[in-house]
file start-v3.cif (mmCIF, C-alpha atoms)
data_upload
loop_
_atom_site.group_PDB
_atom_site.id
_atom_site.type_symbol
_atom_site.label_atom_id
_atom_site.label_comp_id
_atom_site.auth_asym_id
_atom_site.auth_seq_id
_atom_site.Cartn_x
_atom_site.Cartn_y
_atom_site.Cartn_z
ATOM 1 C CA MET A 1373 103.833 71.082 138.530
ATOM 2 C CA THR A 1374 100.916 72.235 136.397
ATOM 3 C CA ALA A 1375 100.879 72.690 132.625
ATOM 4 C CA ALA A 1376 100.453 76.474 133.009
ATOM 5 C CA SER A 1377 103.630 76.785 135.104
ATOM 6 C CA THR A 1378 105.687 74.865 132.532
ATOM 7 C CA ALA A 1379 104.444 77.017 129.636
ATOM 8 C CA VAL A 1380 105.810 80.302 131.019
ATOM 9 C CA PRO A 1381 109.558 79.444 130.817
ATOM 10 C CA SER A 1382 109.161 78.050 127.331
ATOM 11 C CA ARG A 1383 107.600 81.315 126.105
ATOM 12 C CA ARG A 1384 110.374 83.305 127.807
ATOM 13 C CA PHE A 1385 113.056 81.202 126.111
ATOM 14 C CA ALA A 1386 111.239 81.571 122.794
ATOM 15 C CA ARG A 1387 111.325 85.361 123.127
ATOM 16 C CA ARG A 1388 115.022 85.231 123.943
ATOM 17 C CA ALA A 1389 115.723 83.073 120.896
ATOM 18 C CA LEU A 1390 113.739 85.437 118.692
ATOM 19 C CA ARG A 1391 115.620 88.431 120.065
ATOM 20 C CA HIS A 1392 118.918 86.593 119.503
ATOM 21 C CA TRP A 1393 118.133 85.980 115.841
ATOM 22 C CA GLY A 1394 116.904 89.546 115.444
ATOM 23 C CA GLU A 1395 120.177 90.864 116.787
ATOM 24 C CA ARG A 1396 122.112 88.559 114.466
ATOM 25 C CA LEU A 1397 120.072 89.830 111.535
ATOM 26 C CA ILE A 1398 120.750 93.472 112.437
ATOM 27 C CA GLU A 1399 124.455 92.674 112.878
ATOM 28 C CA GLY A 1400 124.529 91.058 109.440
ATOM 29 C CA VAL A 1401 122.833 94.037 107.798
ATOM 30 C CA LEU A 1402 125.283 96.453 109.407
ATOM 31 C CA PHE A 1403 128.207 94.272 108.318
ATOM 32 C CA LEU A 1404 126.956 94.241 104.733
ATOM 33 C CA ALA A 1405 126.569 98.030 104.815
ATOM 34 C CA ALA A 1406 130.154 98.436 106.019
ATOM 35 C CA LEU A 1407 131.419 95.854 103.540
ATOM 36 C CA SER A 1408 129.691 97.594 100.640
ATOM 37 C CA ALA A 1409 131.897 100.675 101.038
ATOM 38 C CA VAL A 1410 135.022 98.508 100.943
ATOM 39 C CA ALA A 1411 133.680 96.534 97.978
ATOM 40 C CA VAL A 1412 132.938 99.702 95.994
ATOM 41 C CA THR A 1413 136.434 101.041 96.691
ATOM 42 C CA VAL A 1414 138.048 97.764 95.618
ATOM 43 C CA ALA A 1415 135.897 97.688 92.471
ATOM 44 C CA ILE A 1416 136.893 101.251 91.529
ATOM 45 C CA VAL A 1417 140.596 100.522 92.011
ATOM 46 C CA GLY A 1418 140.247 97.242 90.110
ATOM 47 C CA ILE A 1419 138.610 98.923 87.115
ATOM 48 C CA LEU A 1420 141.260 101.633 87.065
ATOM 49 C CA LEU A 1421 144.069 99.064 87.192
ATOM 50 C CA TYR A 1422 142.493 96.924 84.470
ATOM 51 C CA GLU A 1423 141.897 99.785 82.046
ATOM 52 C CA SER A 1424 145.234 101.424 82.860
ATOM 53 C CA ALA A 1425 147.068 98.183 82.095
ATOM 54 C CA ALA A 1426 145.676 98.298 78.545
ATOM 55 C CA PHE A 1427 146.815 101.921 78.247
ATOM 56 C CA PHE A 1428 150.351 101.184 79.438
ATOM 57 C CA GLU A 1429 150.672 98.388 76.881
ATOM 58 C CA HIS A 1430 150.974 101.157 74.255
ATOM 59 C CA VAL A 1431 152.461 104.009 76.303
ATOM 60 C CA PRO A 1432 155.663 103.377 78.280
ATOM 61 C CA LEU A 1433 155.364 104.214 81.956
ATOM 62 C CA LYS A 1434 158.573 106.253 81.775
ATOM 63 C CA ASP A 1435 157.139 108.523 79.060
ATOM 64 C CA PHE A 1436 153.895 108.858 80.993
ATOM 65 C CA LEU A 1437 155.709 110.036 84.128
ATOM 66 C CA THR A 1438 158.464 112.169 82.559
ATOM 67 C CA ASP A 1439 157.113 113.701 79.329
ATOM 68 C CA THR A 1440 156.187 117.370 79.730
ATOM 69 C CA GLN A 1441 153.572 117.397 76.966
ATOM 70 C CA TRP A 1442 150.001 116.106 76.992
ATOM 71 C CA THR A 1443 148.664 116.261 73.424
ATOM 72 C CA ILE A 1444 146.507 113.193 72.965
ATOM 73 C CA MET A 1445 144.117 115.017 70.601
ATOM 74 C CA PHE A 1446 146.823 116.061 68.128
ATOM 75 C CA ALA A 1447 148.570 114.171 65.362
ATOM 76 C CA ASP A 1448 151.845 114.341 67.298
ATOM 77 C CA LYS A 1449 150.619 112.544 70.406
ATOM 78 C CA HIS A 1450 152.338 112.883 73.759
ATOM 79 C CA PHE A 1451 151.107 111.225 76.919
ATOM 80 C CA GLY A 1452 153.063 112.973 79.654
ATOM 81 C CA VAL A 1453 150.954 113.426 82.783
ATOM 82 C CA LEU A 1454 153.180 116.159 84.240
ATOM 83 C CA PRO A 1455 151.155 119.090 82.741
ATOM 84 C CA LEU A 1456 147.948 117.746 84.293
ATOM 85 C CA LEU A 1457 149.701 117.068 87.582
ATOM 86 C CA ALA A 1458 151.203 120.562 87.590
ATOM 87 C CA GLY A 1459 147.796 122.143 86.986
ATOM 88 C CA THR A 1460 146.253 120.075 89.787
ATOM 89 C CA LEU A 1461 148.969 120.953 92.292
ATOM 90 C CA THR A 1462 148.990 124.636 91.302
ATOM 91 C CA THR A 1463 145.258 125.182 91.727
ATOM 92 C CA THR A 1464 145.336 123.148 94.946
ATOM 93 C CA GLY A 1465 148.216 125.247 96.274
ATOM 94 C CA VAL A 1466 146.398 128.506 95.515
ATOM 95 C CA ALA A 1467 143.228 127.196 97.155
ATOM 96 C CA LEU A 1468 145.053 126.068 100.287
ATOM 97 C CA ALA A 1469 146.946 129.362 100.533
ATOM 98 C CA LEU A 1470 143.541 130.988 101.069
ATOM 99 C CA ALA A 1471 141.540 128.264 102.801
ATOM 100 C CA ILE A 1472 144.020 127.157 105.465
ATOM 101 C CA PRO A 1473 144.749 130.545 107.103
ATOM 102 C CA VAL A 1474 141.184 131.847 106.751
ATOM 103 C CA GLY A 1475 139.646 128.559 107.868
ATOM 104 C CA THR A 1476 142.009 128.265 110.830
ATOM 105 C CA VAL A 1477 141.364 131.836 111.973
ATOM 106 C CA ALA A 1478 137.613 131.259 111.615
ATOM 107 C CA ALA A 1479 137.892 128.064 113.671
ATOM 108 C CA ILE A 1480 139.842 129.826 116.434
ATOM 109 C CA TYR A 1481 137.295 132.650 116.550
ATOM 110 C CA LEU A 1482 134.293 130.319 116.650
ATOM 111 C CA SER A 1483 135.869 128.080 119.278
ATOM 112 C CA GLU A 1484 137.463 130.593 121.634
ATOM 113 C CA PHE A 1485 136.002 134.063 121.096
ATOM 114 C CA ALA A 1486 132.503 133.902 119.595
ATOM 115 C CA GLY A 1487 129.513 133.830 121.906
ATOM 116 C CA HIS A 1488 126.905 131.119 121.658
ATOM 117 C CA ARG A 1489 124.481 133.246 119.630
ATOM 118 C CA THR A 1490 127.199 134.460 117.260
ATOM 119 C CA ARG A 1491 128.468 130.909 116.741
ATOM 120 C CA GLU A 1492 124.976 129.663 115.937
ATOM 121 C CA ILE A 1493 124.740 132.280 113.179
ATOM 122 C CA VAL A 1494 128.258 132.327 111.751
ATOM 123 C CA LYS A 1495 128.946 128.587 111.592
ATOM 124 C CA PRO A 1496 125.812 127.622 109.589
ATOM 125 C CA THR A 1497 126.436 130.593 107.314
ATOM 126 C CA LEU A 1498 129.959 129.348 106.593
ATOM 127 C CA GLU A 1499 128.699 125.825 106.006
ATOM 128 C CA LEU A 1500 126.233 127.145 103.429
ATOM 129 C CA LEU A 1501 129.237 127.765 101.158
ATOM 130 C CA ALA A 1502 129.705 124.000 100.899
ATOM 131 C CA GLY A 1503 126.169 123.582 99.553
ATOM 132 C CA ILE A 1504 126.539 125.871 96.537
ATOM 133 C CA PRO A 1505 126.883 123.891 93.263
ATOM 134 C CA THR A 1506 130.467 123.882 92.016
ATOM 135 C CA VAL A 1507 129.439 124.944 88.513
ATOM 136 C CA VAL A 1508 128.160 128.169 90.076
ATOM 137 C CA TYR A 1509 131.576 128.662 91.648
ATOM 138 C CA GLY A 1510 133.128 128.074 88.222
ATOM 139 C CA TYR A 1511 131.169 130.838 86.542
ATOM 140 C CA PHE A 1512 131.751 133.077 89.561
ATOM 141 C CA ALA A 1513 135.498 132.594 89.032
ATOM 142 C CA LEU A 1514 135.239 133.221 85.288
ATOM 143 C CA LEU A 1515 132.889 136.212 85.282
ATOM 144 C CA MET A 1516 133.708 138.010 88.537
ATOM 145 C CA VAL A 1517 136.954 136.916 90.192
ATOM 146 C CA THR A 1518 139.125 136.890 87.071
ATOM 147 C CA PRO A 1519 137.922 140.335 85.851
ATOM 148 C CA ALA A 1520 138.542 141.687 89.358
ATOM 149 C CA LEU A 1521 142.082 140.284 89.315
ATOM 150 C CA GLN A 1522 142.685 141.850 85.908
ATOM 151 C CA TRP A 1523 142.278 145.281 87.513
ATOM 152 C CA PHE A 1524 145.487 144.577 89.451
ATOM 153 C CA MET A 1525 147.170 142.370 86.837
ATOM 154 C CA PRO A 1526 146.267 143.704 83.379
ATOM 155 C CA ASP A 1527 148.290 140.981 81.655
ATOM 156 C CA LEU A 1528 146.316 138.203 83.325
ATOM 157 C CA PRO A 1529 144.583 136.106 80.626
ATOM 158 C CA GLY A 1530 140.876 135.391 80.788
ATOM 159 C CA PHE A 1531 141.568 131.738 81.537
ATOM 160 C CA ASN A 1532 144.073 131.199 84.330
ATOM 161 C CA MET A 1533 144.631 129.049 87.404
ATOM 162 C CA LEU A 1534 144.733 131.910 89.916
ATOM 163 C CA GLY A 1535 141.046 132.839 89.814
ATOM 164 C CA PRO A 1536 139.734 129.253 90.012
ATOM 165 C CA GLY A 1537 142.250 128.494 92.757
ATOM 166 C CA LEU A 1538 141.019 131.388 94.890
ATOM 167 C CA VAL A 1539 137.403 130.381 94.369
ATOM 168 C CA MET A 1540 138.255 126.799 95.295
ATOM 169 C CA GLY A 1541 139.801 128.204 98.462
ATOM 170 C CA ILE A 1542 136.545 129.985 99.289
ATOM 171 C CA MET A 1543 134.684 126.770 98.577
ATOM 172 C CA ILE A 1544 136.723 124.621 100.986
ATOM 173 C CA ILE A 1545 136.905 127.127 103.844
ATOM 174 C CA PRO A 1546 133.825 125.513 105.502
ATOM 175 C CA TYR A 1547 135.513 122.090 105.487
ATOM 176 C CA VAL A 1548 138.621 123.441 107.185
ATOM 177 C CA SER A 1549 136.886 125.724 109.681
ATOM 178 C CA SER A 1550 134.155 123.280 110.714
ATOM 179 C CA VAL A 1551 136.399 120.272 111.378
ATOM 180 C CA ALA A 1552 139.121 122.375 113.026
ATOM 181 C CA GLU A 1553 136.568 124.135 115.249
ATOM 182 C CA ASP A 1554 135.106 120.810 116.371
ATOM 183 C CA ALA A 1555 138.612 119.611 117.259
ATOM 184 C CA MET A 1556 139.316 122.754 119.290
ATOM 185 C CA ARG A 1557 136.037 122.579 121.181
ATOM 186 C CA ALA A 1558 136.881 118.985 122.120
ATOM 187 C CA VAL A 1559 139.895 120.209 124.117
ATOM 188 C CA PRO A 1560 138.993 119.945 127.845
ATOM 189 C CA MET A 1561 138.065 123.184 129.564
ATOM 190 C CA HIS A 1562 140.485 122.569 132.440
ATOM 191 C CA MET A 1563 143.397 123.145 130.041
ATOM 192 C CA ARG A 1564 142.029 126.595 129.236
ATOM 193 C CA GLU A 1565 141.379 127.326 132.904
ATOM 194 C CA GLY A 1566 144.938 126.344 133.789
ATOM 195 C CA SER A 1567 146.257 128.710 131.126
ATOM 196 C CA TYR A 1568 144.075 131.543 132.394
ATOM 197 C CA ALA A 1569 145.252 130.841 135.926
ATOM 198 C CA MET A 1570 148.850 131.355 134.770
ATOM 199 C CA GLY A 1571 147.905 134.809 133.467
ATOM 200 C CA ALA A 1572 147.614 134.015 129.767
ATOM 201 C CA THR A 1573 145.191 135.961 127.599
ATOM 202 C CA ARG A 1574 142.481 134.332 125.510
ATOM 203 C CA LEU A 1575 144.571 134.722 122.368
ATOM 204 C CA GLN A 1576 147.640 133.209 124.008
ATOM 205 C CA THR A 1577 145.532 130.352 125.316
ATOM 206 C CA ALA A 1578 144.038 129.725 121.896
ATOM 207 C CA LEU A 1579 147.387 129.754 120.076
ATOM 208 C CA LYS A 1580 149.645 128.088 122.643
ATOM 209 C CA VAL A 1581 147.316 125.689 124.448
ATOM 210 C CA VAL A 1582 144.160 124.889 122.501
ATOM 211 C CA ALA A 1583 145.596 124.768 118.979
ATOM 212 C CA PRO A 1584 148.557 122.496 119.888
ATOM 213 C CA ALA A 1585 146.217 120.196 121.837
ATOM 214 C CA ALA A 1586 143.903 119.944 118.799
ATOM 215 C CA THR A 1587 146.719 119.414 116.282
ATOM 216 C CA SER A 1588 145.474 116.023 115.107
ATOM 217 C CA GLY A 1589 141.987 117.364 114.378
ATOM 218 C CA ILE A 1590 143.348 120.483 112.692
ATOM 219 C CA VAL A 1591 145.580 118.343 110.468
ATOM 220 C CA ALA A 1592 142.545 116.213 109.614
ATOM 221 C CA ALA A 1593 140.758 119.394 108.531
ATOM 222 C CA TYR A 1594 143.694 120.352 106.316
ATOM 223 C CA ILE A 1595 143.825 116.884 104.718
ATOM 224 C CA LEU A 1596 140.089 117.063 104.043
ATOM 225 C CA GLY A 1597 140.590 120.429 102.385
ATOM 226 C CA ILE A 1598 143.468 119.104 100.279
ATOM 227 C CA SER A 1599 141.446 116.098 99.118
ATOM 228 C CA ARG A 1600 138.516 118.365 98.271
ATOM 229 C CA ALA A 1601 140.732 120.728 96.280
ATOM 230 C CA VAL A 1602 142.534 117.936 94.406
ATOM 231 C CA GLY A 1603 139.243 116.359 93.372
ATOM 232 C CA GLU A 1604 137.478 119.567 92.324
ATOM 233 C CA THR A 1605 136.276 119.458 88.710
ATOM 234 C CA MET A 1606 133.817 122.074 87.523
ATOM 235 C CA VAL A 1607 135.554 125.212 88.826
ATOM 236 C CA VAL A 1608 138.769 124.476 86.936
ATOM 237 C CA ALA A 1609 136.926 123.020 83.942
ATOM 238 C CA VAL A 1610 135.007 126.275 83.486
ATOM 239 C CA ALA A 1611 137.580 128.913 84.404
ATOM 240 C CA ALA A 1612 141.106 127.469 84.037
ATOM 241 C CA GLY A 1613 141.131 127.065 80.247
ATOM 242 C CA GLN A 1614 141.577 123.267 79.889
ATOM 243 C CA GLN A 1615 144.950 123.780 78.204
ATOM 244 C CA PRO A 1616 147.539 121.328 79.591
ATOM 245 C CA ASN A 1617 150.643 123.410 80.271
ATOM 246 C CA PHE A 1618 153.616 122.267 82.279
ATOM 247 C CA THR A 1619 153.827 125.328 84.488
ATOM 248 C CA PHE A 1620 153.412 126.160 88.143
ATOM 249 C CA ASP A 1621 152.642 129.807 87.420
ATOM 250 C CA PRO A 1622 149.012 130.366 88.520
ATOM 251 C CA ARG A 1623 148.725 133.310 86.140
ATOM 252 C CA GLU A 1624 148.823 130.904 83.184
ATOM 253 C CA SER A 1625 145.994 128.764 81.900
ATOM 254 C CA GLY A 1626 146.109 125.092 82.713
ATOM 255 C CA ALA A 1627 144.223 121.846 83.016
ATOM 256 C CA THR A 1628 143.814 119.557 85.982
ATOM 257 C CA ILE A 1629 143.381 115.804 86.040
ATOM 258 C CA THR A 1630 139.679 116.027 86.840
ATOM 259 C CA ALA A 1631 139.030 118.662 84.158
ATOM 260 C CA PHE A 1632 140.721 116.481 81.541
ATOM 261 C CA ILE A 1633 138.601 113.480 82.545
ATOM 262 C CA VAL A 1634 135.453 115.547 82.062
ATOM 263 C CA GLN A 1635 136.705 116.920 78.749
ATOM 264 C CA VAL A 1636 137.444 113.481 77.291
ATOM 265 C CA ALA A 1637 134.527 111.603 78.830
ATOM 266 C CA LEU A 1638 132.041 114.013 77.220
ATOM 267 C CA GLY A 1639 133.702 113.871 73.807
ATOM 268 C CA ASP A 1640 133.201 111.595 70.816
ATOM 269 C CA LEU A 1641 136.175 109.319 71.378
ATOM 270 C CA PRO A 1642 135.413 105.667 70.595
ATOM 271 C CA HIS A 1643 135.238 103.314 73.526
ATOM 272 C CA GLY A 1644 138.412 101.284 73.942
ATOM 273 C CA SER A 1645 140.652 103.702 72.036
ATOM 274 C CA LEU A 1646 143.988 104.755 73.490
ATOM 275 C CA GLU A 1647 142.715 108.285 74.074
ATOM 276 C CA TYR A 1648 139.694 106.926 75.928
ATOM 277 C CA GLN A 1649 141.836 104.632 78.070
ATOM 278 C CA SER A 1650 144.001 107.587 79.053
ATOM 279 C CA ILE A 1651 141.273 108.842 81.395
ATOM 280 C CA PHE A 1652 141.695 105.693 83.485
ATOM 281 C CA ALA A 1653 145.456 106.169 83.638
ATOM 282 C CA VAL A 1654 145.173 109.752 84.885
ATOM 283 C CA GLY A 1655 142.327 108.668 87.166
ATOM 284 C CA LEU A 1656 144.684 106.147 88.736
ATOM 285 C CA VAL A 1657 147.217 108.946 89.280
ATOM 286 C CA LEU A 1658 144.498 110.999 91.005
ATOM 287 C CA VAL A 1659 143.594 108.087 93.282
ATOM 288 C CA LEU A 1660 147.245 107.557 94.216
ATOM 289 C CA LEU A 1661 147.685 111.279 94.863
ATOM 290 C CA THR A 1662 144.645 111.379 97.137
ATOM 291 C CA LEU A 1663 145.798 108.191 98.863
ATOM 292 C CA PHE A 1664 149.198 109.770 99.499
ATOM 293 C CA PHE A 1665 147.673 112.808 101.196
ATOM 294 C CA ASN A 1666 145.345 110.666 103.291
ATOM 295 C CA VAL A 1667 148.129 108.341 104.429
ATOM 296 C CA LEU A 1668 150.278 111.364 105.252
ATOM 297 C CA GLY A 1669 147.427 112.872 107.241
ATOM 298 C CA HIS A 1670 146.871 109.585 109.088
ATOM 299 C CA LEU A 1671 150.537 109.403 110.075
ATOM 300 C CA VAL A 1672 150.539 113.012 111.271
ATOM 301 C CA ARG A 1673 147.321 112.516 113.265
ATOM 302 C CA LYS A 1674 148.740 109.364 114.803
ATOM 303 C CA ARG A 1675 151.931 111.198 115.714
ATOM 304 C CA PHE A 1676 150.227 114.182 117.389
ATOM 305 C CA ARG A 1677 147.012 112.569 118.630
ATOM 306 C CA GLU A 1678 146.084 113.435 122.198
ATOM 307 C CA ALA A 1679 143.707 111.372 124.331
ATOM 308 C CA TYR A 1680 141.686 113.178 127.010
#

call {"tool": "encode", "arguments": {"input": "start-v3.cif", "output": "structure tokens"}}
result
Amino acid sequence: MTAASTAVPSRRFARRALRHWGERLIEGVLFLAALSAVAVTVAIVGILLYESAAFFEHVPLKDFLTDTQWTIMFADKHFGVLPLLAGTLTTTGVALALAIPVGTVAAIYLSEFAGHRTREIVKPTLELLAGIPTVVYGYFALLMVTPALQWFMPDLPGFNMLGPGLVMGIMIIPYVSSVAEDAMRAVPMHMREGSYAMGATRLQTALKVVAPAATSGIVAAYILGISRAVGETMVVAVAAGQQPNFTFDPRESGATITAFIVQVALGDLPHGSLEYQSIFAVGLVLVLLTLFFNVLGHLVRKRFREAY
């Protein structure tokens, strides 16, 4: 055997070894990228727990969860989170009352009725709503939506939760419609054809065949919309009044958890004070609230998930 014939296998094995280490390197980089998201989440929760523990050393947890007043800036201080929680749930409820039906109807139209050309125009136009800065939505709610509502409700104050809630609903319609439409289009065509063969109309097929088959994806769209509405900041900070009131009446002014965090974080409160630490306590409540909705959505998707 010559020297040239023995050199070829060694070069081939060298290339294989190099490719092996290259693949291991790529795998390690991808693992670190995935781990970074988990690490950031753990760090955020850890900071919230650490700072909240210092807050709850001075404020009893029972008072925090049951007191109906939130007056940390006044001499008579109360640290009840219920007014902030009520404002968050009220604006979220108003937003979902608009976004869920409109977004679902838009998804059904785009998936089952719109032609290809119409879909290519309407869907990107809807998704453009998600790219508008939220502060623009806030001033739109304050300067246009609320005055328009006052034509029908003259007693409606200038700062209220109804106008911002409706604008938040407009803002999250693209999230609901886009995800729900993708879920409906993933339903196999043979299910539609079987429905048509039984004499069903397109509307009956959409409502009684396609929508039930895409329930898990539609629920995921709703959970995404809820999370987006709960975490919205600038719309309610600009147009809701930032007055913590324990009320579920959307015609009243109110403050949400995110709006309060912005209000305090931009103030002149000294670092480490009880008022400053309160933003971490309410931030922890917001994280737990979002976690609750996501876990609920996961359970519902798992319950109704269909594999095709």

call {"tool": "resolve_selection", "arguments": {"input": "start-v3.cif", "expression": "the PyMOL selection byres ((chain A and resi 1575) around 12)", "output": "PyMOL selection string"}}
result
chain A and resi 1477+1480-1481+1483-1485+1564+1567-1568+1571-1574+1576-1583

call {"tool": "residues_around", "arguments": {"input": "start-v3.cif", "residues": "range 1629-1634 of chain A", "least_positions_apart": "3", "cutoff": "9 Å", "atoms": "all atoms listed in the file", "output": "MDAnalysis selection string"}}
result
chainID A and resid 1453 1456:1457 1459:1460 1602:1610 1614 1616 1637:1639 1650:1652 1654:1655 1657:1658

call {"tool": "atom_distance", "arguments": {"input": "start-v3.cif", "atom1": "CA of Ile1542 in chain A", "atom2": "CA of Thr1506 in chain A"}}
result
11.3 Å

call {"tool": "atom_distance", "arguments": {"input": "start-v3.cif", "atom1": "CA of Glu1553 in chain A", "atom2": "CA of Tyr1594 in chain A"}}
result
12.0 Å

call {"tool": "atom_distance", "arguments": {"input": "start-v3.cif", "atom1": "CA of Phe1427 in chain A", "atom2": "CA of Glu1624 in chain A"}}
result
29.5 Å

call {"tool": "closest_residue", "arguments": {"input": "start-v3.cif", "among": "A:Ser1599, A:Leu1461, A:Arg1623, A:Ala1447", "to": "Leu1521 in chain A", "atoms": "all atoms listed in the file"}}
result
A:Arg1623

call {"tool": "axis_aligned_box", "arguments": {"input": "start-v3.cif", "around": "range 1602-1621 of chain A", "padding_each_side": "4 Å", "output": "lines of an AutoDock Vina configuration file"}}
result
center_x = 143.8
center_y = 123.1
center_z = 86.3
size_x = 28.0
size_y = 21.4
size_z = 24.2

call {"tool": "resolve_selection", "arguments": {"input": "start-v3.cif", "expression": "the PyMOL selection byres ((chain A and resi 1417-1421) around 12)", "output": "MDAnalysis selection string"}}
result
chainID A and resid 1410:1416 1422:1428 1649:1660 1663

call {"tool": "write_last_selection", "arguments": {"input": "start-v3.cif", "atoms": "C-alpha atoms", "output": "PDB file, in the frame of the given file"}}
result
ATOM      1  CA  VAL A1410     135.022  98.508 100.943  1.00  0.00           C
ATOM      2  CA  ALA A1411     133.680  96.534  97.978  1.00  0.00           C
ATOM      3  CA  VAL A1412     132.938  99.702  95.994  1.00  0.00           C
ATOM      4  CA  THR A1413     136.434 101.041  96.691  1.00  0.00           C
ATOM      5  CA  VAL A1414     138.048  97.764  95.618  1.00  0.00           C
ATOM      6  CA  ALA A1415     135.897  97.688  92.471  1.00  0.00           C
ATOM      7  CA  ILE A1416     136.893 101.251  91.529  1.00  0.00           C
ATOM      8  CA  TYR A1422     142.493  96.924  84.470  1.00  0.00           C
ATOM      9  CA  GLU A1423     141.897  99.785  82.046  1.00  0.00           C
ATOM     10  CA  SER A1424     145.234 101.424  82.860  1.00  0.00           C
ATOM     11  CA  ALA A1425     147.068  98.183  82.095  1.00  0.00           C
ATOM     12  CA  ALA A1426     145.676  98.298  78.545  1.00  0.00           C
ATOM     13  CA  PHE A1427     146.815 101.921  78.247  1.00  0.00           C
ATOM     14  CA  PHE A1428     150.351 101.184  79.438  1.00  0.00           C
ATOM     15  CA  GLN A1649     141.836 104.632  78.070  1.00  0.00           C
ATOM     16  CA  SER A1650     144.001 107.587  79.053  1.00  0.00           C
ATOM     17  CA  ILE A1651     141.273 108.842  81.395  1.00  0.00           C
ATOM     18  CA  PHE A1652     141.695 105.693  83.485  1.00  0.00           C
ATOM     19  CA  ALA A1653     145.456 106.169  83.638  1.00  0.00           C
ATOM     20  CA  VAL A1654     145.173 109.752  84.885  1.00  0.00           C
ATOM     21  CA  GLY A1655     142.327 108.668  87.166  1.00  0.00           C
ATOM     22  CA  LEU A1656     144.684 106.147  88.736  1.00  0.00           C
ATOM     23  CA  VAL A1657     147.217 108.946  89.280  1.00  0.00           C
ATOM     24  CA  LEU A1658     144.498 110.999  91.005  1.00  0.00           C
ATOM     25  CA  VAL A1659     143.594 108.087  93.282  1.00  0.00           C
ATOM     26  CA  LEU A1660     147.245 107.557  94.216  1.00  0.00           C
ATOM     27  CA  LEU A1663     145.798 108.191  98.863  1.00  0.00           C
TER      28      LEU A1663
END

call {"tool": "residues_around", "arguments": {"input": "start-v3.cif", "residues": "Met1516 in chain A", "least_positions_apart": "4", "cutoff": "12 Å", "atoms": "all atoms listed in the file", "output": "list in words"}}
result
Val1508, Tyr1509, Gly1510, Tyr1511, Phe1512, Ala1520, Leu1521, Gln1522, Trp1523, Gly1530, Gly1535, Pro1536, Leu1538, Val1539 and Ala1611 of chain A

call {"tool": "residues_near_point", "arguments": {"input": "start-v3.cif", "point": "(139.8, 119.3, 116.0)", "cutoff": "6 Å", "atoms": "only C-alpha atoms", "output": "list in words"}}
result
Val1551, Ala1552, Glu1553, Asp1554, Ala1555, Met1556, Ala1586, Gly1589 and Ile1590 of chain A

call {"tool": "resolve_selection", "arguments": {"input": "start-v3.cif", "expression": "the PyMOL selection byres ((chain A and resi 1444) around 12)", "output": "PyMOL selection string"}}
result
chain A and resi 1431+1436+1441-1443+1445-1453+1615-1616+1632+1635-1636+1641+1645-1651

call {"tool": "residues_around", "arguments": {"input": "start-v3.cif", "residues": "Thr1463 in chain A", "least_positions_apart": "6", "cutoff": "8 Å", "atoms": "all atoms listed in the file", "output": "PyMOL selection string"}}
result
chain A and resi 1533-1534+1536-1537+1601+1622

call {"tool": "residues_near_point", "arguments": {"input": "start-v3.cif", "point": "(138.4, 126.6, 98.3)", "cutoff": "9 Å", "atoms": "all atoms listed in the file", "output": "PyMOL selection string"}}
result
chain A and resi 1464+1466-1468+1470-1471+1536-1547+1597+1600-1601

call {"tool": "write_last_selection", "arguments": {"input": "start-v3.cif", "atoms": "C-alpha atoms", "output": "mmCIF file, in the frame of the given file"}}
result
data_model
loop_
_atom_site.group_PDB
_atom_site.id
_atom_site.type_symbol
_atom_site.label_atom_id
_atom_site.label_comp_id
_atom_site.auth_asym_id
_atom_site.auth_seq_id
_atom_site.Cartn_x
_atom_site.Cartn_y
_atom_site.Cartn_z
ATOM 1 C CA THR A 1464 145.336 123.148 94.946
ATOM 2 C CA VAL A 1466 146.398 128.506 95.515
ATOM 3 C CA ALA A 1467 143.228 127.196 97.155
ATOM 4 C CA LEU A 1468 145.053 126.068 100.287
ATOM 5 C CA LEU A 1470 143.541 130.988 101.069
ATOM 6 C CA ALA A 1471 141.540 128.264 102.801
ATOM 7 C CA PRO A 1536 139.734 129.253 90.012
ATOM 8 C CA GLY A 1537 142.250 128.494 92.757
ATOM 9 C CA LEU A 1538 141.019 131.388 94.890
ATOM 10 C CA VAL A 1539 137.403 130.381 94.369
ATOM 11 C CA MET A 1540 138.255 126.799 95.295
ATOM 12 C CA GLY A 1541 139.801 128.204 98.462
ATOM 13 C CA ILE A 1542 136.545 129.985 99.289
ATOM 14 C CA MET A 1543 134.684 126.770 98.577
ATOM 15 C CA ILE A 1544 136.723 124.621 100.986
ATOM 16 C CA ILE A 1545 136.905 127.127 103.844
ATOM 17 C CA PRO A 1546 133.825 125.513 105.502
ATOM 18 C CA TYR A 1547 135.513 122.090 105.487
ATOM 19 C CA GLY A 1597 140.590 120.429 102.385
ATOM 20 C CA ARG A 1600 138.516 118.365 98.271
ATOM 21 C CA ALA A 1601 140.732 120.728 96.280
#

call {"tool": "closest_residue", "arguments": {"input": "start-v3.cif", "among": "A:Ala1409, A:Phe1531, A:Asp1439, A:Leu1482", "to": "Pro1519 in chain A", "atoms": "all atoms listed in the file"}}
result
A:Phe1531

call {"tool": "closest_residue", "arguments": {"input": "start-v3.cif", "among": "A:Ala1486, A:Glu1395, A:Val1591, A:Val1401", "to": "Val1667 in chain A", "atoms": "all atoms listed in the file"}}
result
A:Val1591
